[in-house]
Amino acid sequence: MEHIITVTDLRKSFKRLHVLKGVSFSIPKGSIFALLGSNGAGKTTAVRILSTLSEPDGGMASVCGFDTVRETERVRECISLTGQYAAVDEGLTGRENLRLIGRLRRLPDAGQRADELLAAFRLEDAANRRASFYSGGMRRRLDIAMSLMGRPRVIFLDEPTTGLDPESRLEVWKTVKALADSGTTILLTTQYLEEAEQLADRIAILHDGKIIAEGTLDELKKLFPPAEKVYIEKQPTLEDIFLAIIGKKESA
């Protein structure tokens, strides 16, 4: 199995605060990998290192086969990053936002690519409307579309549904699933347990700077005590699993 992202013993500190304490994981090509953890667990720090915005204090990471410290330009050519809040220019229309990114990336087919993405993200009817009039879900879809202008092989989505209402969140989930179906590899950070449960092929739980559990949802369920039998068999949710694992670590 080809791994497009590999992280080995990654460490990062800010003065006396140890944020990452030896994080390791790998992500297969074309999959959705969820990095799940509470606020301050180190999720965004890991994404910043993988996207070349920060250097680790120790360990190594590679994306698309390139070292994130020694080959930053090559890494940046194959990735795109969408942060916690939509980074669109609200004074521009949806089409203008996309074409702007196309020009910055020096794409020869920026206009055509913009039209393709407007159609793919169901924004054609709002293409000539200023982004300031978009709903939260539309603004987030435009933000993700802007990330795809350069046809990246890997997308980092750092808490992509923060602040969205349930309907907008479902819209973003559909978009993320469609991206993975098209072959794009996605690293998703989230603190929403249901989001990881719905989207991820594999889930890693990051707690206190370390990966304390990793696997598919079914594999993580095996870490949970046997199903409780009352009148029906109750299967554990990802929330049950997460809280049980965190509790074990904190009591150790």
# chains A, B, ... in the order shown; residues from 1 in each chain; ligands from 1
$ residues_around --residues "Arg76 in chain A" --least-positions-apart "5" --cutoff "9 Å" --atoms "only C-alpha atoms" --output "ChimeraX atom specification"
/A:51-52,68,71
$ select_by_dssp --residues "range 4-233 of chain A" --states "strand (DSSP E)" --output "PyMOL selection string"
chain A and resi 4-14+17-28+32-36+58-63+66-67+79-82+154-158+185-190+202-207+210-215+228-229+233
$ residues_around --residues "Leu81 in chain A" --least-positions-apart "6" --cutoff "12 Å" --atoms "only C-alpha atoms" --output "PyMOL selection string"
chain A and resi 44+47-53+75+87+143-150+152-160+186-189
$ closest_residue --among "A:Gly111, A:Gly40, A:Gly59, A:Gly65" --to "Arg11 in chain A" --atoms "only C-alpha atoms"
A:Gly59
$ residues_around --residues "Ile5 in chain A" --least-positions-apart "4" --cutoff "6 Å" --atoms "only C-alpha atoms" --output "short mmCIF file (atom, residue, chain, number, x, y, z; two decimals) with C-alpha atoms, in the first residue's frame"
data_model
loop_
_atom_site.label_atom_id
_atom_site.label_comp_id
_atom_site.auth_asym_id
_atom_site.auth_seq_id
_atom_site.Cartn_x
_atom_site.Cartn_y
_atom_site.Cartn_z
CA SER A 26 1.13 7.14 7.92
CA ILE A 27 -1.68 7.83 5.47
CA SER A 62 7.31 13.44 4.35
CA VAL A 63 4.45 14.34 2.03
#
$ atom_distance --atom1 "CA of Ala180 in chain A" --atom2 "CA of Gly30 in chain A"
5.8 Å
$ closest_residue --among "A:Asp115, A:Asp165, A:Glu73, A:Asp57" --to "His18 in chain A" --atoms "only C-alpha atoms"
A:Asp57
$ residues_around --residues "range 93-104 of chain A" --least-positions-apart "3" --cutoff "8 Å" --atoms "only C-alpha atoms" --output "JSON, numbers by chain"
{"A": [88, 89, 90, 107, 109, 110, 111, 114, 115, 118, 123, 126, 127, 128, 129, 130, 131, 142, 145, 146, 149, 150]}
$ residues_around --residues "Asp9 in chain A" --least-positions-apart "4" --cutoff "12 Å" --atoms "only C-alpha atoms" --output "PDB file with C-alpha atoms, in the first residue's frame"
ATOM      1  CA  LEU A  20       4.066  17.048  20.143  1.00  0.00           C
ATOM      2  CA  LYS A  21       5.898  14.308  22.021  1.00  0.00           C
ATOM      3  CA  GLY A  22       6.852  11.727  19.410  1.00  0.00           C
ATOM      4  CA  VAL A  23       3.929  11.475  16.996  1.00  0.00           C
ATOM      5  CA  SER A  24       4.001   8.786  14.290  1.00  0.00           C
ATOM      6  CA  PHE A  25       1.453   7.767  11.654  1.00  0.00           C
ATOM      7  CA  SER A  26       1.134   7.144   7.924  1.00  0.00           C
ATOM      8  CA  ALA A  46       1.026  18.735  13.291  1.00  0.00           C
ATOM      9  CA  PRO A  56       9.734  20.162  13.969  1.00  0.00           C
ATOM     10  CA  ASP A  57      12.226  20.044  16.821  1.00  0.00           C
ATOM     11  CA  GLY A  58      12.764  16.362  16.142  1.00  0.00           C
ATOM     12  CA  GLY A  59      11.573  13.459  14.051  1.00  0.00           C
ATOM     13  CA  MET A  60      10.681  13.652  10.385  1.00  0.00           C
ATOM     14  CA  ALA A  61       7.712  13.977   8.071  1.00  0.00           C
ATOM     15  CA  GLY A 209       0.970  15.402  22.408  1.00  0.00           C
ATOM     16  CA  LYS A 210       0.885  11.677  21.623  1.00  0.00           C
ATOM     17  CA  ILE A 211      -1.108   9.285  19.448  1.00  0.00           C
TER      18      ILE A 211
END
$ select_by_dssp --residues "range 13-244 of chain A" --states "alpha helix (DSSP H)" --output "mmCIF file with N, CA, C and O atoms, in the first residue's frame"
data_model
loop_
_atom_site.group_PDB
_atom_site.id
_atom_site.type_symbol
_atom_site.label_atom_id
_atom_site.label_comp_id
_atom_site.auth_asym_id
_atom_site.auth_seq_id
_atom_site.Cartn_x
_atom_site.Cartn_y
_atom_site.Cartn_z
ATOM 1 N N LYS A 43 -3.153 19.111 17.242
ATOM 2 C CA LYS A 43 -3.609 18.825 15.877
ATOM 3 C C LYS A 43 -3.110 19.871 14.877
ATOM 4 O O LYS A 43 -2.532 19.538 13.843
ATOM 5 N N THR A 44 -3.347 21.139 15.185
ATOM 6 C CA THR A 44 -2.957 22.205 14.260
ATOM 7 C C THR A 44 -1.442 22.292 14.133
ATOM 8 O O THR A 44 -0.918 22.556 13.046
ATOM 9 N N THR A 45 -0.719 22.048 15.213
ATOM 10 C CA THR A 45 0.748 22.049 15.152
ATOM 11 C C THR A 45 1.239 20.991 14.174
ATOM 12 O O THR A 45 2.147 21.230 13.372
ATOM 13 N N ALA A 46 0.647 19.803 14.213
ATOM 14 C CA ALA A 46 1.026 18.735 13.291
ATOM 15 C C ALA A 46 0.757 19.142 11.845
ATOM 16 O O ALA A 46 1.590 18.916 10.960
ATOM 17 N N VAL A 47 -0.390 19.754 11.603
ATOM 18 C CA VAL A 47 -0.731 20.186 10.247
ATOM 19 C C VAL A 47 0.225 21.282 9.769
ATOM 20 O O VAL A 47 0.658 21.287 8.607
ATOM 21 N N ARG A 48 0.595 22.199 10.641
ATOM 22 C CA ARG A 48 1.526 23.260 10.265
ATOM 23 C C ARG A 48 2.892 22.681 9.878
ATOM 24 O O ARG A 48 3.528 23.167 8.942
ATOM 25 N N ILE A 49 3.320 21.651 10.553
ATOM 26 C CA ILE A 49 4.592 21.012 10.192
ATOM 27 C C ILE A 49 4.466 20.304 8.846
ATOM 28 O O ILE A 49 5.329 20.433 7.970
ATOM 29 N N LEU A 50 3.386 19.566 8.655
ATOM 30 C CA LEU A 50 3.199 18.833 7.406
ATOM 31 C C LEU A 50 3.027 19.757 6.206
ATOM 32 O O LEU A 50 3.382 19.396 5.080
ATOM 33 N N THR A 72 10.832 21.735 1.004
ATOM 34 C CA THR A 72 9.576 22.457 1.256
ATOM 35 C C THR A 72 8.857 22.848 -0.040
ATOM 36 O O THR A 72 7.633 22.743 -0.123
ATOM 37 N N GLU A 73 9.596 23.303 -1.055
ATOM 38 C CA GLU A 73 8.948 23.738 -2.295
ATOM 39 C C GLU A 73 8.260 22.573 -2.990
ATOM 40 O O GLU A 73 7.158 22.732 -3.521
ATOM 41 N N ARG A 74 8.887 21.408 -2.968
ATOM 42 C CA ARG A 74 8.284 20.252 -3.618
ATOM 43 C C ARG A 74 7.021 19.821 -2.861
ATOM 44 O O ARG A 74 6.038 19.412 -3.475
ATOM 45 N N VAL A 75 7.072 19.912 -1.535
ATOM 46 C CA VAL A 75 5.886 19.582 -0.744
ATOM 47 C C VAL A 75 4.755 20.540 -1.080
ATOM 48 O O VAL A 75 3.605 20.129 -1.309
ATOM 49 N N ARG A 76 5.059 21.832 -1.136
ATOM 50 C CA ARG A 76 4.019 22.833 -1.381
ATOM 51 C C ARG A 76 3.374 22.680 -2.753
ATOM 52 O O ARG A 76 2.227 23.072 -2.942
ATOM 53 N N GLU A 77 4.100 22.118 -3.692
ATOM 54 C CA GLU A 77 3.547 21.912 -5.030
ATOM 55 C C GLU A 77 2.448 20.860 -5.051
ATOM 56 O O GLU A 77 1.616 20.857 -5.965
ATOM 57 N N CYS A 78 2.437 19.962 -4.074
ATOM 58 C CA CYS A 78 1.476 18.853 -4.125
ATOM 59 C C CYS A 78 0.399 18.932 -3.055
ATOM 60 O O CYS A 78 -0.419 18.022 -2.943
ATOM 61 N N GLY A 94 -17.569 34.741 -6.160
ATOM 62 C CA GLY A 94 -17.017 33.398 -6.077
ATOM 63 C C GLY A 94 -16.065 33.121 -7.226
ATOM 64 O O GLY A 94 -14.969 32.579 -7.025
ATOM 65 N N ARG A 95 -16.467 33.481 -8.444
ATOM 66 C CA ARG A 95 -15.615 33.251 -9.615
ATOM 67 C C ARG A 95 -14.324 34.051 -9.507
ATOM 68 O O ARG A 95 -13.236 33.543 -9.819
ATOM 69 N N GLU A 96 -14.411 35.293 -9.053
ATOM 70 C CA GLU A 96 -13.208 36.132 -8.935
ATOM 71 C C GLU A 96 -12.243 35.577 -7.890
ATOM 72 O O GLU A 96 -11.025 35.632 -8.079
ATOM 73 N N ASN A 97 -12.773 35.029 -6.799
ATOM 74 C CA ASN A 97 -11.906 34.410 -5.785
ATOM 75 C C ASN A 97 -11.118 33.256 -6.396
ATOM 76 O O ASN A 97 -9.905 33.128 -6.178
ATOM 77 N N LEU A 98 -11.790 32.426 -7.150
ATOM 78 C CA LEU A 98 -11.130 31.278 -7.755
ATOM 79 C C LEU A 98 -10.099 31.699 -8.796
ATOM 80 O O LEU A 98 -8.977 31.175 -8.839
ATOM 81 N N ARG A 99 -10.451 32.670 -9.628
ATOM 82 C CA ARG A 99 -9.511 33.120 -10.658
ATOM 83 C C ARG A 99 -8.292 33.802 -10.045
ATOM 84 O O ARG A 99 -7.179 33.701 -10.580
ATOM 85 N N LEU A 100 -8.491 34.476 -8.917
ATOM 86 C CA LEU A 100 -7.364 35.099 -8.229
ATOM 87 C C LEU A 100 -6.347 34.037 -7.803
ATOM 88 O O LEU A 100 -5.133 34.196 -8.003
ATOM 89 N N ILE A 101 -6.845 32.954 -7.213
ATOM 90 C CA ILE A 101 -5.941 31.873 -6.802
ATOM 91 C C ILE A 101 -5.265 31.256 -8.024
ATOM 92 O O ILE A 101 -4.070 30.926 -7.997
ATOM 93 N N GLY A 102 -6.013 31.135 -9.107
ATOM 94 C CA GLY A 102 -5.446 30.592 -10.338
ATOM 95 C C GLY A 102 -4.300 31.442 -10.863
ATOM 96 O O GLY A 102 -3.269 30.919 -11.300
ATOM 97 N N ARG A 103 -4.468 32.756 -10.797
ATOM 98 C CA ARG A 103 -3.390 33.647 -11.264
ATOM 99 C C ARG A 103 -2.181 33.553 -10.337
ATOM 100 O O ARG A 103 -1.036 33.568 -10.794
ATOM 101 N N LEU A 104 -2.434 33.467 -9.017
ATOM 102 C CA LEU A 104 -1.326 33.358 -8.067
ATOM 103 C C LEU A 104 -0.550 32.064 -8.282
ATOM 104 O O LEU A 104 0.670 32.017 -8.076
ATOM 105 N N ALA A 110 -6.816 29.075 -15.766
ATOM 106 C CA ALA A 110 -7.460 29.499 -14.521
ATOM 107 C C ALA A 110 -8.969 29.698 -14.690
ATOM 108 O O ALA A 110 -9.761 29.280 -13.835
ATOM 109 N N GLY A 111 -9.384 30.326 -15.772
ATOM 110 C CA GLY A 111 -10.808 30.573 -15.980
ATOM 111 C C GLY A 111 -11.594 29.287 -16.150
ATOM 112 O O GLY A 111 -12.664 29.111 -15.547
ATOM 113 N N GLN A 112 -11.077 28.372 -16.951
ATOM 114 C CA GLN A 112 -11.740 27.095 -17.175
ATOM 115 C C GLN A 112 -11.791 26.283 -15.887
ATOM 116 O O GLN A 112 -12.818 25.684 -15.555
ATOM 117 N N ARG A 113 -10.678 26.279 -15.161
ATOM 118 C CA ARG A 113 -10.620 25.537 -13.905
ATOM 119 C C ARG A 113 -11.611 26.105 -12.888
ATOM 120 O O ARG A 113 -12.280 25.362 -12.171
ATOM 121 N N ALA A 114 -11.728 27.431 -12.848
ATOM 122 C CA ALA A 114 -12.682 28.071 -11.938
ATOM 123 C C ALA A 114 -14.107 27.628 -12.246
ATOM 124 O O ALA A 114 -14.884 27.304 -11.343
ATOM 125 N N ASP A 115 -14.459 27.589 -13.536
ATOM 126 C CA ASP A 115 -15.804 27.186 -13.927
ATOM 127 C C ASP A 115 -16.069 25.724 -13.569
ATOM 128 O O ASP A 115 -17.177 25.364 -13.151
ATOM 129 N N GLU A 116 -15.037 24.873 -13.732
ATOM 130 C CA GLU A 116 -15.187 23.458 -13.373
ATOM 131 C C GLU A 116 -15.490 23.311 -11.884
ATOM 132 O O GLU A 116 -16.362 22.524 -11.494
ATOM 133 N N LEU A 117 -14.775 24.063 -11.062
ATOM 134 C CA LEU A 117 -14.949 23.947 -9.616
ATOM 135 C C LEU A 117 -16.267 24.556 -9.151
ATOM 136 O O LEU A 117 -16.898 24.054 -8.224
ATOM 137 N N LEU A 118 -16.688 25.626 -9.786
ATOM 138 C CA LEU A 118 -17.985 26.214 -9.445
ATOM 139 C C LEU A 118 -19.103 25.199 -9.686
ATOM 140 O O LEU A 118 -20.040 25.086 -8.883
ATOM 141 N N ALA A 119 -18.981 24.437 -10.769
ATOM 142 C CA ALA A 119 -19.985 23.415 -11.069
ATOM 143 C C ALA A 119 -19.868 22.256 -10.083
ATOM 144 O O ALA A 119 -20.878 21.776 -9.552
ATOM 145 N N ALA A 120 -18.648 21.816 -9.809
ATOM 146 C CA ALA A 120 -18.438 20.670 -8.930
ATOM 147 C C ALA A 120 -18.927 20.940 -7.512
ATOM 148 O O ALA A 120 -19.412 20.033 -6.832
ATOM 149 N N GLY A 136 -22.722 30.347 5.369
ATOM 150 C CA GLY A 136 -21.516 29.749 5.927
ATOM 151 C C GLY A 136 -21.071 28.516 5.159
ATOM 152 O O GLY A 136 -19.883 28.336 4.882
ATOM 153 N N GLY A 137 -22.038 27.666 4.798
ATOM 154 C CA GLY A 137 -21.703 26.454 4.055
ATOM 155 C C GLY A 137 -21.182 26.767 2.664
ATOM 156 O O GLY A 137 -20.242 26.129 2.182
ATOM 157 N N MET A 138 -21.784 27.747 1.990
ATOM 158 C CA MET A 138 -21.320 28.147 0.658
ATOM 159 C C MET A 138 -19.917 28.732 0.727
ATOM 160 O O MET A 138 -19.071 28.449 -0.121
ATOM 161 N N ARG A 139 -19.674 29.537 1.757
ATOM 162 C CA ARG A 139 -18.343 30.156 1.907
ATOM 163 C C ARG A 139 -17.283 29.082 2.144
ATOM 164 O O ARG A 139 -16.187 29.154 1.594
ATOM 165 N N ARG A 140 -17.641 28.070 2.931
ATOM 166 C CA ARG A 140 -16.677 26.995 3.188
ATOM 167 C C ARG A 140 -16.445 26.173 1.924
ATOM 168 O O ARG A 140 -15.326 25.765 1.626
ATOM 169 N N ARG A 141 -17.511 25.907 1.149
ATOM 170 C CA ARG A 141 -17.340 25.162 -0.101
ATOM 171 C C ARG A 141 -16.467 25.939 -1.076
ATOM 172 O O ARG A 141 -15.620 25.361 -1.760
ATOM 173 N N LEU A 142 -16.641 27.253 -1.118
ATOM 174 C CA LEU A 142 -15.796 28.078 -1.976
ATOM 175 C C LEU A 142 -14.348 28.013 -1.502
ATOM 176 O O LEU A 142 -13.417 27.922 -2.314
ATOM 177 N N ASP A 143 -14.148 28.042 -0.210
ATOM 178 C CA ASP A 143 -12.804 27.975 0.359
ATOM 179 C C ASP A 143 -12.110 26.672 -0.040
ATOM 180 O O ASP A 143 -10.933 26.668 -0.435
ATOM 181 N N ILE A 144 -12.828 25.563 0.036
ATOM 182 C CA ILE A 144 -12.249 24.279 -0.348
ATOM 183 C C ILE A 144 -12.000 24.242 -1.857
ATOM 184 O O ILE A 144 -10.971 23.727 -2.328
ATOM 185 N N ALA A 145 -12.930 24.813 -2.627
ATOM 186 C CA ALA A 145 -12.739 24.879 -4.082
ATOM 187 C C ALA A 145 -11.473 25.664 -4.430
ATOM 188 O O ALA A 145 -10.711 25.276 -5.330
ATOM 189 N N MET A 146 -11.229 26.754 -3.707
ATOM 190 C CA MET A 146 -10.011 27.536 -3.930
ATOM 191 C C MET A 146 -8.768 26.697 -3.654
ATOM 192 O O MET A 146 -7.748 26.830 -4.339
ATOM 193 N N SER A 147 -8.863 25.796 -2.675
ATOM 194 C CA SER A 147 -7.737 24.918 -2.363
ATOM 195 C C SER A 147 -7.437 23.949 -3.498
ATOM 196 O O SER A 147 -6.319 23.437 -3.613
ATOM 197 N N PRO A 166 -25.658 22.730 11.449
ATOM 198 C CA PRO A 166 -25.723 21.316 11.038
ATOM 199 C C PRO A 166 -25.917 21.108 9.539
ATOM 200 O O PRO A 166 -25.300 20.220 8.949
ATOM 201 N N GLU A 167 -26.761 21.931 8.898
ATOM 202 C CA GLU A 167 -26.999 21.765 7.464
ATOM 203 C C GLU A 167 -25.736 22.061 6.660
ATOM 204 O O GLU A 167 -25.375 21.319 5.741
ATOM 205 N N SER A 168 -25.038 23.145 7.026
ATOM 206 C CA SER A 168 -23.797 23.497 6.328
ATOM 207 C C SER A 168 -22.732 22.442 6.566
ATOM 208 O O SER A 168 -21.931 22.127 5.677
ATOM 209 N N ARG A 169 -22.704 21.874 7.776
ATOM 210 C CA ARG A 169 -21.730 20.830 8.077
ATOM 211 C C ARG A 169 -21.940 19.624 7.177
ATOM 212 O O ARG A 169 -20.984 19.040 6.655
ATOM 213 N N LEU A 170 -23.209 19.248 6.955
ATOM 214 C CA LEU A 170 -23.496 18.119 6.076
ATOM 215 C C LEU A 170 -23.047 18.406 4.653
ATOM 216 O O LEU A 170 -22.554 17.515 3.948
ATOM 217 N N GLU A 171 -23.193 19.652 4.207
ATOM 218 C CA GLU A 171 -22.737 20.034 2.869
ATOM 219 C C GLU A 171 -21.236 19.838 2.735
ATOM 220 O O GLU A 171 -20.743 19.328 1.725
ATOM 221 N N VAL A 172 -20.490 20.251 3.754
ATOM 222 C CA VAL A 172 -19.030 20.103 3.720
ATOM 223 C C VAL A 172 -18.647 18.627 3.744
ATOM 224 O O VAL A 172 -17.728 18.195 3.043
ATOM 225 N N TRP A 173 -19.360 17.826 4.526
ATOM 226 C CA TRP A 173 -19.071 16.387 4.573
ATOM 227 C C TRP A 173 -19.230 15.753 3.190
ATOM 228 O O TRP A 173 -18.397 14.935 2.780
ATOM 229 N N LYS A 174 -20.279 16.117 2.478
ATOM 230 C CA LYS A 174 -20.487 15.584 1.131
ATOM 231 C C LYS A 174 -19.326 15.971 0.220
ATOM 232 O O LYS A 174 -18.856 15.168 -0.591
ATOM 233 N N THR A 175 -18.860 17.201 0.371
ATOM 234 C CA THR A 175 -17.740 17.677 -0.443
ATOM 235 C C THR A 175 -16.475 16.881 -0.149
ATOM 236 O O THR A 175 -15.761 16.466 -1.063
ATOM 237 N N VAL A 176 -16.200 16.668 1.119
ATOM 238 C CA VAL A 176 -14.993 15.929 1.513
ATOM 239 C C VAL A 176 -15.052 14.496 0.988
ATOM 240 O O VAL A 176 -14.064 13.971 0.451
ATOM 241 N N LYS A 177 -16.197 13.847 1.107
ATOM 242 C CA LYS A 177 -16.330 12.474 0.607
ATOM 243 C C LYS A 177 -16.120 12.420 -0.901
ATOM 244 O O LYS A 177 -15.475 11.493 -1.418
ATOM 245 N N ALA A 178 -16.635 13.410 -1.611
ATOM 246 C CA ALA A 178 -16.471 13.448 -3.067
ATOM 247 C C ALA A 178 -15.011 13.622 -3.455
ATOM 248 O O ALA A 178 -14.534 13.024 -4.432
ATOM 249 N N LEU A 179 -14.279 14.426 -2.694
ATOM 250 C CA LEU A 179 -12.849 14.627 -2.966
ATOM 251 C C LEU A 179 -12.085 13.318 -2.811
ATOM 252 O O LEU A 179 -11.247 12.968 -3.650
ATOM 253 N N ALA A 180 -12.367 12.589 -1.743
ATOM 254 C CA ALA A 180 -11.685 11.311 -1.525
ATOM 255 C C ALA A 180 -12.047 10.316 -2.616
ATOM 256 O O ALA A 180 -11.189 9.559 -3.091
ATOM 257 N N ASP A 181 -13.298 10.310 -3.048
ATOM 258 C CA ASP A 181 -13.728 9.403 -4.108
ATOM 259 C C ASP A 181 -12.992 9.684 -5.417
ATOM 260 O O ASP A 181 -12.812 8.789 -6.244
ATOM 261 N N LEU A 193 -16.561 14.422 17.185
ATOM 262 C CA LEU A 193 -16.447 12.975 17.103
ATOM 263 C C LEU A 193 -17.289 12.407 15.969
ATOM 264 O O LEU A 193 -16.855 11.496 15.263
ATOM 265 N N GLU A 194 -18.475 12.953 15.782
ATOM 266 C CA GLU A 194 -19.348 12.458 14.716
ATOM 267 C C GLU A 194 -18.717 12.693 13.350
ATOM 268 O O GLU A 194 -18.866 11.883 12.433
ATOM 269 N N GLU A 195 -17.987 13.794 13.195
ATOM 270 C CA GLU A 195 -17.343 14.110 11.928
ATOM 271 C C GLU A 195 -16.320 13.042 11.550
ATOM 272 O O GLU A 195 -16.285 12.560 10.414
ATOM 273 N N ALA A 196 -15.490 12.668 12.511
ATOM 274 C CA ALA A 196 -14.507 11.612 12.262
ATOM 275 C C ALA A 196 -15.207 10.289 11.966
ATOM 276 O O ALA A 196 -14.793 9.528 11.081
ATOM 277 N N GLU A 197 -16.263 10.025 12.700
ATOM 278 C CA GLU A 197 -16.999 8.775 12.530
ATOM 279 C C GLU A 197 -17.617 8.677 11.135
ATOM 280 O O GLU A 197 -17.618 7.620 10.512
ATOM 281 N N GLN A 198 -18.131 9.793 10.628
ATOM 282 C CA GLN A 198 -18.806 9.805 9.335
ATOM 283 C C GLN A 198 -17.836 9.788 8.153
ATOM 284 O O GLN A 198 -18.136 9.202 7.110
ATOM 285 N N LEU A 199 -16.672 10.421 8.312
ATOM 286 C CA LEU A 199 -15.808 10.668 7.157
ATOM 287 C C LEU A 199 -14.592 9.761 7.050
ATOM 288 O O LEU A 199 -14.184 9.393 5.947
ATOM 289 N N LEU A 217 -12.682 2.651 12.487
ATOM 290 C CA LEU A 217 -13.701 2.755 13.527
ATOM 291 C C LEU A 217 -13.960 1.388 14.160
ATOM 292 O O LEU A 217 -14.067 1.266 15.383
ATOM 293 N N ASP A 218 -14.007 0.346 13.330
ATOM 294 C CA ASP A 218 -14.243 -1.002 13.865
ATOM 295 C C ASP A 218 -13.091 -1.451 14.764
ATOM 296 O O ASP A 218 -13.307 -2.097 15.799
ATOM 297 N N GLU A 219 -11.860 -1.114 14.372
ATOM 298 C CA GLU A 219 -10.713 -1.488 15.196
ATOM 299 C C GLU A 219 -10.724 -0.755 16.531
ATOM 300 O O GLU A 219 -10.390 -1.321 17.575
ATOM 301 N N LEU A 220 -11.114 0.513 16.505
ATOM 302 C CA LEU A 220 -11.183 1.280 17.748
ATOM 303 C C LEU A 220 -12.295 0.763 18.655
ATOM 304 O O LEU A 220 -12.172 0.797 19.882
ATOM 305 N N LYS A 221 -13.365 0.275 18.049
ATOM 306 C CA LYS A 221 -14.461 -0.277 18.854
ATOM 307 C C LYS A 221 -14.003 -1.484 19.674
ATOM 308 O O LYS A 221 -14.523 -1.742 20.758
ATOM 309 N N LEU A 238 -18.283 6.486 18.631
ATOM 310 C CA LEU A 238 -16.910 6.987 18.678
ATOM 311 C C LEU A 238 -16.720 7.864 19.909
ATOM 312 O O LEU A 238 -15.644 7.899 20.507
ATOM 313 N N GLU A 239 -17.771 8.572 20.331
ATOM 314 C CA GLU A 239 -17.669 9.400 21.531
ATOM 315 C C GLU A 239 -17.399 8.534 22.761
ATOM 316 O O GLU A 239 -16.546 8.873 23.593
ATOM 317 N N ASP A 240 -18.091 7.395 22.870
ATOM 318 C CA ASP A 240 -17.846 6.477 23.979
ATOM 319 C C ASP A 240 -16.396 5.999 23.973
ATOM 320 O O ASP A 240 -15.723 5.958 25.011
ATOM 321 N N ILE A 241 -15.901 5.626 22.781
ATOM 322 C CA ILE A 241 -14.542 5.116 22.651
ATOM 323 C C ILE A 241 -13.526 6.186 23.030
ATOM 324 O O ILE A 241 -12.577 5.943 23.781
ATOM 325 N N PHE A 242 -13.729 7.391 22.493
ATOM 326 C CA PHE A 242 -12.799 8.504 22.743
ATOM 327 C C PHE A 242 -12.698 8.793 24.238
ATOM 328 O O PHE A 242 -11.607 8.884 24.802
ATOM 329 N N LEU A 243 -13.823 8.917 24.899
ATOM 330 C CA LEU A 243 -13.822 9.245 26.321
ATOM 331 C C LEU A 243 -13.223 8.114 27.158
ATOM 332 O O LEU A 243 -12.528 8.363 28.144
ATOM 333 N N ALA A 244 -13.461 6.880 26.759
ATOM 334 C CA ALA A 244 -12.904 5.753 27.484
ATOM 335 C C ALA A 244 -11.392 5.711 27.368
ATOM 336 O O ALA A 244 -10.665 5.492 28.342
#
$ atom_distance --atom1 "CA of Glu2 in chain A" --atom2 "CA of Val19 in chain A"
28.6 Å
$ closest_residue --among "A:Ile4, A:Ala34, A:Cys64, A:Val69" --to "Ile205 in chain A" --atoms "only C-alpha atoms"
A:Ala34
$ atom_distance --atom1 "CA of Gly215 in chain A" --atom2 "CA of Thr184 in chain A"
19.9 Å
$ closest_residue --among "A:His207, A:Lys222, A:Arg151, A:Glu124" --to "Arg105 in chain A" --atoms "only C-alpha atoms"
A:Arg151
$ closest_residue --among "A:Thr185, A:Tyr85, A:Ala204, A:Arg16" --to "His3 in chain A" --atoms "only C-alpha atoms"
A:Thr185
